[in-house]
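Here's run-v4.pdb, which has PDB, C-alpha atoms, pLDDT in the B column:
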ATOM      1  CA  MET K 256       0.000   0.000   0.000  1.00 56.00           C
ATOM      2  CA  LYS K 257       2.878   2.392   0.759  1.00 52.00           C
ATOM      3  CA  LYS K 258       4.195   1.876  -2.775  1.00 50.00           C
ATOM      4  CA  VAL K 259       0.836   2.899  -4.243  1.00 43.00           C
ATOM      5  CA  VAL K 260       0.727   6.051  -2.100  1.00 40.00           C
ATOM      6  CA  LYS K 261       4.324   6.953  -3.018  1.00 45.00           C
ATOM      7  CA  ALA K 262       3.673   6.329  -6.719  1.00 42.00           C
ATOM      8  CA  SER K 263       0.509   8.447  -6.582  1.00 43.00           C
ATOM      9  CA  MET K 264       2.314  11.293  -4.848  1.00 45.00           C
ATOM     10  CA  PHE K 265       5.122  11.108  -7.427  1.00 41.00           C
ATOM     11  CA  LEU K 266       2.610  11.325 -10.291  1.00 38.00           C
ATOM     12  CA  VAL K 267       0.873  14.323  -8.700  1.00 39.00           C
ATOM     13  CA  LEU K 268       4.246  16.058  -8.278  1.00 37.00           C
ATOM     14  CA  VAL K 269       5.204  15.373 -11.912  1.00 38.00           C
ATOM     15  CA  PHE K 270       1.820  16.688 -13.090  1.00 39.00           C
ATOM     16  CA  LEU K 271       2.242  19.881 -11.068  1.00 37.00           C
ATOM     17  CA  LEU K 272       5.742  20.465 -12.418  1.00 36.00           C
ATOM     18  CA  VAL K 273       4.709  19.861 -16.017  1.00 38.00           C
ATOM     19  CA  GLY K 274       1.677  22.129 -15.698  1.00 42.00           C
ATOM     20  CA  CYS K 275       3.661  25.028 -14.230  1.00 49.00           C
ATOM     21  CA  ALA K 276       5.914  27.426 -16.052  1.00 60.00           C
ATOM     22  CA  SER K 277       8.898  29.082 -14.484  1.00 78.00           C
ATOM     23  CA  SER K 278       9.027  32.874 -14.609  1.00 83.00           C
ATOM     24  CA  THR K 279      12.704  32.474 -15.564  1.00 87.00           C
ATOM     25  CA  ALA K 280      12.327  29.887 -18.334  1.00 91.00           C
ATOM     26  CA  LYS K 281      14.192  31.031 -21.452  1.00 94.00           C
ATOM     27  CA  GLU K 282      11.828  29.255 -23.833  1.00 96.00           C
ATOM     28  CA  ILE K 283       8.268  28.012 -23.967  1.00 96.00           C
ATOM     29  CA  GLU K 284       8.021  24.561 -25.519  1.00 94.00           C
ATOM     30  CA  VAL K 285       4.983  23.760 -27.632  1.00 93.00           C
ATOM     31  CA  ASN K 286       5.318  20.378 -29.312  1.00 91.00           C
ATOM     32  CA  ASP K 287       8.601  20.406 -31.279  1.00 92.00           C
ATOM     33  CA  ASP K 288       8.849  24.194 -31.236  1.00 95.00           C
ATOM     34  CA  LYS K 289      10.503  26.518 -28.762  1.00 96.00           C
ATOM     35  CA  VAL K 290       9.427  30.143 -28.483  1.00 97.00           C
ATOM     36  CA  PRO K 291      11.636  32.655 -26.641  1.00 97.00           C
ATOM     37  CA  SER K 292       9.885  33.526 -23.394  1.00 97.00           C
ATOM     38  CA  VAL K 293       8.899  36.916 -22.013  1.00 97.00           C
ATOM     39  CA  TYR K 294      11.749  36.414 -19.523  1.00 97.00           C
ATOM     40  CA  SER K 295      14.374  35.998 -22.255  1.00 97.00           C
ATOM     41  CA  VAL K 296      13.355  39.333 -23.815  1.00 97.00           C
ATOM     42  CA  LEU K 297      12.036  41.487 -20.936  1.00 97.00           C
ATOM     43  CA  GLY K 298      13.437  39.903 -17.791  1.00 96.00           C
ATOM     44  CA  GLU K 299      11.520  38.226 -15.000  1.00 95.00           C
ATOM     45  CA  LYS K 300       7.807  38.996 -14.737  1.00 96.00           C
ATOM     46  CA  LYS K 301       5.496  37.495 -12.128  1.00 95.00           C
ATOM     47  CA  ILE K 302       3.411  34.598 -13.476  1.00 96.00           C
ATOM     48  CA  VAL K 303       0.176  34.159 -11.538  1.00 96.00           C
ATOM     49  CA  GLY K 304      -1.380  31.399 -13.617  1.00 95.00           C
ATOM     50  CA  THR K 305      -0.472  28.670 -16.078  1.00 95.00           C
ATOM     51  CA  ASN K 306      -2.552  26.322 -18.136  1.00 95.00           C
ATOM     52  CA  SER K 307      -1.349  23.647 -20.528  1.00 93.00           C
ATOM     53  CA  GLU K 308      -3.533  21.316 -22.547  1.00 93.00           C
ATOM     54  CA  VAL K 309      -3.790  19.381 -25.789  1.00 92.00           C
ATOM     55  CA  LYS K 310      -7.080  19.592 -27.654  1.00 90.00           C
ATOM     56  CA  ASN K 311      -7.720  18.384 -31.226  1.00 88.00           C
ATOM     57  CA  LYS K 312      -3.961  17.825 -31.759  1.00 84.00           C
ATOM     58  CA  VAL K 313      -3.219  21.427 -30.740  1.00 90.00           C
ATOM     59  CA  ARG K 314      -0.890  21.936 -27.783  1.00 91.00           C
ATOM     60  CA  MET K 315      -1.689  25.128 -25.911  1.00 95.00           C
ATOM     61  CA  THR K 316       0.135  26.787 -23.034  1.00 96.00           C
ATOM     62  CA  THR K 317      -1.307  29.959 -21.506  1.00 96.00           C
ATOM     63  CA  LEU K 318       0.703  32.121 -19.130  1.00 97.00           C
ATOM     64  CA  THR K 319      -1.065  34.777 -17.066  1.00 97.00           C
ATOM     65  CA  TYR K 320       1.123  37.582 -15.766  1.00 96.00           C
ATOM     66  CA  LYS K 321       0.449  39.630 -12.645  1.00 95.00           C
ATOM     67  CA  ALA K 322      -1.598  42.755 -13.342  1.00 94.00           C
ATOM     68  CA  GLY K 323       0.677  45.720 -13.976  1.00 92.00           C
ATOM     69  CA  SER K 324       3.846  43.625 -14.332  1.00 94.00           C
ATOM     70  CA  ILE K 325       4.029  44.009 -18.123  1.00 95.00           C
ATOM     71  CA  SER K 326       3.434  47.434 -19.638  1.00 93.00           C
ATOM     72  CA  GLU K 327       1.991  47.935 -23.106  1.00 91.00           C
ATOM     73  CA  LYS K 328       5.415  49.217 -24.235  1.00 95.00           C
ATOM     74  CA  GLU K 329       7.140  46.091 -22.882  1.00 96.00           C
ATOM     75  CA  LEU K 330       4.614  43.839 -24.595  1.00 95.00           C
ATOM     76  CA  GLN K 331       5.316  45.681 -27.862  1.00 96.00           C
ATOM     77  CA  THR K 332       9.062  45.096 -27.315  1.00 98.00           C
ATOM     78  CA  TYR K 333       8.392  41.359 -26.965  1.00 98.00           C
ATOM     79  CA  ILE K 334       6.199  41.328 -30.088  1.00 97.00           C
ATOM     80  CA  ASP K 335       8.851  43.252 -32.055  1.00 98.00           C
ATOM     81  CA  TYR K 336      11.512  40.780 -30.908  1.00 98.00           C
ATOM     82  CA  LEU K 337       9.503  37.788 -32.110  1.00 98.00           C
ATOM     83  CA  ARG K 338       8.864  39.484 -35.460  1.00 98.00           C
ATOM     84  CA  GLU K 339      12.386  40.787 -36.060  1.00 98.00           C
ATOM     85  CA  LYS K 340      14.541  38.032 -34.557  1.00 98.00           C
ATOM     86  CA  GLU K 341      12.314  34.951 -34.764  1.00 97.00           C
ATOM     87  CA  ASP K 342      10.503  35.570 -38.090  1.00 96.00           C
ATOM     88  CA  TYR K 343       6.962  35.662 -36.690  1.00 97.00           C
ATOM     89  CA  VAL K 344       4.337  37.504 -38.744  1.00 96.00           C
ATOM     90  CA  PHE K 345       1.062  39.125 -37.773  1.00 95.00           C
ATOM     91  CA  THR K 346      -1.811  36.709 -38.275  1.00 94.00           C
ATOM     92  CA  LEU K 347      -4.220  38.995 -36.414  1.00 83.00           C
ATOM     93  CA  ASP K 348      -2.931  42.552 -36.223  1.00 75.00           C
ATOM     94  CA  SER K 349      -5.157  43.926 -33.487  1.00 81.00           C
ATOM     95  CA  LYS K 350      -8.662  43.133 -32.338  1.00 83.00           C
ATOM     96  CA  GLU K 351     -10.445  45.095 -29.631  1.00 85.00           C
ATOM     97  CA  SER K 352     -12.906  43.457 -27.245  1.00 82.00           C
ATOM     98  CA  GLU K 353     -14.337  44.039 -23.786  1.00 82.00           C
ATOM     99  CA  GLU K 354     -11.428  42.021 -22.362  1.00 83.00           C
ATOM    100  CA  GLY K 355      -8.776  44.134 -24.090  1.00 90.00           C
ATOM    101  CA  THR K 356      -6.605  44.097 -27.190  1.00 92.00           C
ATOM    102  CA  LEU K 357      -5.811  40.769 -28.858  1.00 94.00           C
ATOM    103  CA  ILE K 358      -2.777  40.466 -31.136  1.00 95.00           C
ATOM    104  CA  GLN K 359      -1.657  37.210 -32.762  1.00 96.00           C
ATOM    105  CA  LEU K 360       1.655  36.220 -34.325  1.00 97.00           C
ATOM    106  CA  GLY K 361       2.420  33.028 -36.207  1.00 97.00           C
ATOM    107  CA  LYS K 362       5.101  31.133 -38.066  1.00 97.00           C
ATOM    108  CA  ALA K 363       5.645  27.739 -39.632  1.00 96.00           C
ATOM    109  CA  SER K 364       6.407  24.980 -37.141  1.00 95.00           C
ATOM    110  CA  LYS K 365       9.430  22.708 -37.223  1.00 95.00           C
ATOM    111  CA  THR K 366       6.861  19.952 -37.726  1.00 94.00           C
ATOM    112  CA  LYS K 367       5.724  19.824 -41.343  1.00 94.00           C
ATOM    113  CA  GLY K 368       2.076  20.813 -41.757  1.00 94.00           C
ATOM    114  CA  ASN K 369       1.941  22.615 -38.393  1.00 94.00           C
ATOM    115  CA  ILE K 370       2.088  26.248 -37.323  1.00 96.00           C
ATOM    116  CA  VAL K 371       2.991  28.041 -34.108  1.00 97.00           C
ATOM    117  CA  LEU K 372       0.710  30.840 -32.902  1.00 97.00           C
ATOM    118  CA  VAL K 373       1.323  33.288 -30.069  1.00 98.00           C
ATOM    119  CA  ASP K 374      -1.694  35.277 -28.846  1.00 96.00           C
ATOM    120  CA  PHE K 375      -1.343  38.348 -26.637  1.00 96.00           C
ATOM    121  CA  LEU K 376      -4.274  39.673 -24.647  1.00 95.00           C
ATOM    122  CA  TYR K 377      -3.520  43.078 -23.181  1.00 93.00           C
ATOM    123  CA  PRO K 378      -6.330  44.080 -20.800  1.00 92.00           C
ATOM    124  CA  THR K 379      -8.350  47.275 -21.054  1.00 84.00           C
ATOM    125  CA  MET K 380      -7.795  47.996 -17.378  1.00 82.00           C
ATOM    126  CA  SER K 381      -4.348  48.038 -15.755  1.00 77.00           C
ATOM    127  CA  SER K 382      -5.782  46.125 -12.794  1.00 81.00           C
ATOM    128  CA  GLU K 383      -6.178  43.026 -14.986  1.00 90.00           C
ATOM    129  CA  SER K 384      -3.632  40.406 -16.041  1.00 94.00           C
ATOM    130  CA  VAL K 385      -1.776  40.138 -19.349  1.00 95.00           C
ATOM    131  CA  LYS K 386      -2.189  36.720 -20.991  1.00 96.00           C
ATOM    132  CA  VAL K 387       0.144  35.123 -23.516  1.00 97.00           C
ATOM    133  CA  MET K 388      -1.025  31.918 -25.212  1.00 97.00           C
ATOM    134  CA  TYR K 389       1.379  29.678 -27.135  1.00 98.00           C
ATOM    135  CA  ARG K 390      -0.118  27.109 -29.528  1.00 96.00           C
ATOM    136  CA  SER K 391       1.222  24.577 -32.008  1.00 95.00           C
ATOM    137  CA  GLY K 392      -0.759  22.270 -34.229  1.00 93.00           C
ATOM    138  CA  PRO K 393      -1.993  21.496 -37.737  1.00 93.00           C
ATOM    139  CA  GLY K 394      -2.298  24.471 -40.075  1.00 91.00           C
ATOM    140  CA  SER K 395      -0.470  26.757 -42.453  1.00 90.00           C
ATOM    141  CA  LEU K 396       0.166  30.429 -42.953  1.00 86.00           C
ATOM    142  CA  LYS K 397      -1.172  31.912 -46.173  1.00 75.00           C
ATOM    143  CA  MET K 398       0.386  35.203 -47.178  1.00 60.00           C
ATOM    144  CA  ASN K 399      -1.507  37.749 -49.301  1.00 50.00           C
ATOM    145  CA  ASN K 400       0.984  37.451 -52.174  1.00 48.00           C
ATOM    146  CA  GLU K 401       0.677  33.665 -52.472  1.00 45.00           C
TER     147      GLU K 401
END
Let me see whether you can do it: turn the structure in this file into structure tokens.
Amino acid sequence: MKKVVKASMFLVLVFLLVGCASSTAKEIEVNDDKVPSVYSVLGEKKIVGTNSEVKNKVRMTTLTYKAGSISEKELQTYIDYLREKEDYVFTLDSKESEEGTLIQLGKASKTKGNIVLVDFLYPTMSSESVKVMYRSGPGSLKMNNE
């Protein structure tokens, strides 16, 4: 019986570690792809929530940052870095909603037939959290000139 309890506790610990993201991780892994983290571009920012799941062959990791810890200017610096240094392109330039401003970047995945998307939700009110969602799964990027 002790072995079962120890094995169960070990599995719970592994699940918690896999489901959490470090505020000092240099990259966010989504399937075979690695995206430079907010930390690697802006320095350490307080993460108050993480969620990781796979749904319909799409791996999704959402990081929620403490309200006020990432300014709009800093978020733009991170977006510019991904575009200029990592070859991401706008797939959704800017969309306003009650929750805030949504911006989406994308690029081809290392896995053939897949894409990587990074969504940024910057809240309307400074008292709310910034969310960054990393996704990888089946799809392609179609450019206007193709």
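Relative to CA of Lys362 in chain K, CA of Ser278 in chain K is found at 23.8 Å.
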Residue by residue, what does the PyMOL selection byres ((chain K and resi 380) around 10) grab here? Present the result as a PyMOL selection string.
chain K and resi 322-323+353-355+377-379+381-384
Selection as a list in words: residues within 12 Å of (7.7, 36.3, -37.7), counting all atoms listed in the file
Val290, Tyr333, Ile334, Asp335, Tyr336, Leu337, Arg338, Glu339, Lys340, Glu341, Asp342, Tyr343, Val344, Phe345, Thr346, Gln359, Leu360, Gly361, Lys362, Ala363, Ser364, Ile370, Val371, Leu372, Val373 and Leu396 of chain K
Nearest-residue call for Glu282 in chain K, choices K:Glu308, K:Gln331, K:Tyr389, K:Val313, using only C-alpha atoms:
K:Tyr389
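CA of Thr317 in chain K is found 19.4 Å from CA of Gly394 in chain K.
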Go through the shown structure with the PyMOL selection byres ((chain K and resi 309) around 10) and write out the matching residues as a ChimeraX atom specification.
/K:285-286,307-308,310-316,390-392
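Using all atoms listed in the file, the shortest contact distance between Glu284 in chain K and any of K:Lys300, K:Lys365, K:Lys350, K:Lys328 is found at K:Lys365.
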Mind filling out range 352-363 of chain K with all heavy atoms and sending it as an mmCIF file, in the coordinates of the input?
data_model
loop_
_atom_site.group_PDB
_atom_site.id
_atom_site.type_symbol
_atom_site.label_atom_id
_atom_site.label_comp_id
_atom_site.auth_asym_id
_atom_site.auth_seq_id
_atom_site.Cartn_x
_atom_site.Cartn_y
_atom_site.Cartn_z
ATOM 1 N N SER K 352 -11.730 44.078 -27.848
ATOM 2 C CA SER K 352 -12.906 43.457 -27.245
ATOM 3 C C SER K 352 -13.087 44.040 -25.847
ATOM 4 O O SER K 352 -12.293 44.870 -25.409
ATOM 5 C CB SER K 352 -12.730 41.937 -27.168
ATOM 6 O OG SER K 352 -11.806 41.596 -26.155
ATOM 7 N N GLU K 353 -14.108 43.572 -25.155
ATOM 8 C CA GLU K 353 -14.337 44.039 -23.786
ATOM 9 C C GLU K 353 -13.184 43.651 -22.867
ATOM 10 O O GLU K 353 -12.895 44.340 -21.900
ATOM 11 C CB GLU K 353 -15.645 43.461 -23.246
ATOM 12 C CG GLU K 353 -16.876 44.059 -23.871
ATOM 13 C CD GLU K 353 -18.153 43.469 -23.296
ATOM 14 O OE1 GLU K 353 -18.097 42.752 -22.275
ATOM 15 O OE2 GLU K 353 -19.220 43.729 -23.874
ATOM 16 N N GLU K 354 -12.534 42.509 -23.190
ATOM 17 C CA GLU K 354 -11.428 42.021 -22.362
ATOM 18 C C GLU K 354 -10.148 42.815 -22.585
ATOM 19 O O GLU K 354 -9.290 42.872 -21.714
ATOM 20 C CB GLU K 354 -11.153 40.553 -22.656
ATOM 21 C CG GLU K 354 -12.271 39.634 -22.255
ATOM 22 C CD GLU K 354 -11.967 38.192 -22.617
ATOM 23 O OE1 GLU K 354 -10.795 37.791 -22.561
ATOM 24 O OE2 GLU K 354 -12.915 37.476 -22.955
ATOM 25 N N GLY K 355 -9.985 43.389 -23.787
ATOM 26 C CA GLY K 355 -8.776 44.134 -24.090
ATOM 27 C C GLY K 355 -8.396 43.994 -25.546
ATOM 28 O O GLY K 355 -9.236 43.711 -26.398
ATOM 29 N N THR K 356 -7.114 44.175 -25.828
ATOM 30 C CA THR K 356 -6.605 44.097 -27.190
ATOM 31 C C THR K 356 -5.964 42.735 -27.413
ATOM 32 O O THR K 356 -5.118 42.307 -26.626
ATOM 33 C CB THR K 356 -5.556 45.198 -27.438
ATOM 34 O OG1 THR K 356 -6.151 46.470 -27.168
ATOM 35 C CG2 THR K 356 -5.048 45.179 -28.867
ATOM 36 N N LEU K 357 -6.367 42.068 -28.501
ATOM 37 C CA LEU K 357 -5.811 40.769 -28.858
ATOM 38 C C LEU K 357 -4.945 40.945 -30.096
ATOM 39 O O LEU K 357 -5.387 41.518 -31.090
ATOM 40 C CB LEU K 357 -6.928 39.759 -29.151
ATOM 41 C CG LEU K 357 -6.469 38.386 -29.636
ATOM 42 C CD1 LEU K 357 -5.740 37.632 -28.532
ATOM 43 C CD2 LEU K 357 -7.650 37.570 -30.132
ATOM 44 N N ILE K 358 -3.710 40.469 -30.015
ATOM 45 C CA ILE K 358 -2.777 40.466 -31.136
ATOM 46 C C ILE K 358 -2.284 39.037 -31.283
ATOM 47 O O ILE K 358 -2.052 38.344 -30.286
ATOM 48 C CB ILE K 358 -1.595 41.417 -30.882
ATOM 49 C CG1 ILE K 358 -2.106 42.860 -30.791
ATOM 50 C CG2 ILE K 358 -0.536 41.288 -31.975
ATOM 51 C CD1 ILE K 358 -1.071 43.855 -30.347
ATOM 52 N N GLN K 359 -2.114 38.581 -32.528
ATOM 53 C CA GLN K 359 -1.657 37.210 -32.762
ATOM 54 C C GLN K 359 -0.510 37.203 -33.768
ATOM 55 O O GLN K 359 -0.566 37.871 -34.793
ATOM 56 C CB GLN K 359 -2.804 36.359 -33.294
ATOM 57 C CG GLN K 359 -2.451 34.893 -33.473
ATOM 58 C CD GLN K 359 -3.620 34.117 -34.037
ATOM 59 O OE1 GLN K 359 -3.900 34.176 -35.225
ATOM 60 N NE2 GLN K 359 -4.319 33.406 -33.156
ATOM 61 N N LEU K 360 0.525 36.443 -33.431
ATOM 62 C CA LEU K 360 1.655 36.220 -34.325
ATOM 63 C C LEU K 360 1.698 34.741 -34.675
ATOM 64 O O LEU K 360 1.250 33.901 -33.899
ATOM 65 C CB LEU K 360 2.978 36.605 -33.655
ATOM 66 C CG LEU K 360 3.154 38.047 -33.213
ATOM 67 C CD1 LEU K 360 4.515 38.218 -32.541
ATOM 68 C CD2 LEU K 360 3.021 39.014 -34.367
ATOM 69 N N GLY K 361 2.286 34.426 -35.822
ATOM 70 C CA GLY K 361 2.420 33.028 -36.207
ATOM 71 C C GLY K 361 3.644 32.801 -37.066
ATOM 72 O O GLY K 361 4.222 33.739 -37.619
ATOM 73 N N LYS K 362 4.038 31.536 -37.155
ATOM 74 C CA LYS K 362 5.101 31.133 -38.066
ATOM 75 C C LYS K 362 5.007 29.631 -38.282
ATOM 76 O O LYS K 362 4.363 28.924 -37.494
ATOM 77 C CB LYS K 362 6.474 31.573 -37.575
ATOM 78 C CG LYS K 362 7.182 30.685 -36.588
ATOM 79 C CD LYS K 362 8.547 31.262 -36.276
ATOM 80 C CE LYS K 362 9.564 30.219 -35.947
ATOM 81 N NZ LYS K 362 10.886 30.756 -35.686
ATOM 82 N N ALA K 363 5.653 29.169 -39.336
ATOM 83 C CA ALA K 363 5.645 27.739 -39.632
ATOM 84 C C ALA K 363 6.362 26.994 -38.514
ATOM 85 O O ALA K 363 7.361 27.455 -37.967
ATOM 86 C CB ALA K 363 6.326 27.477 -40.967
#
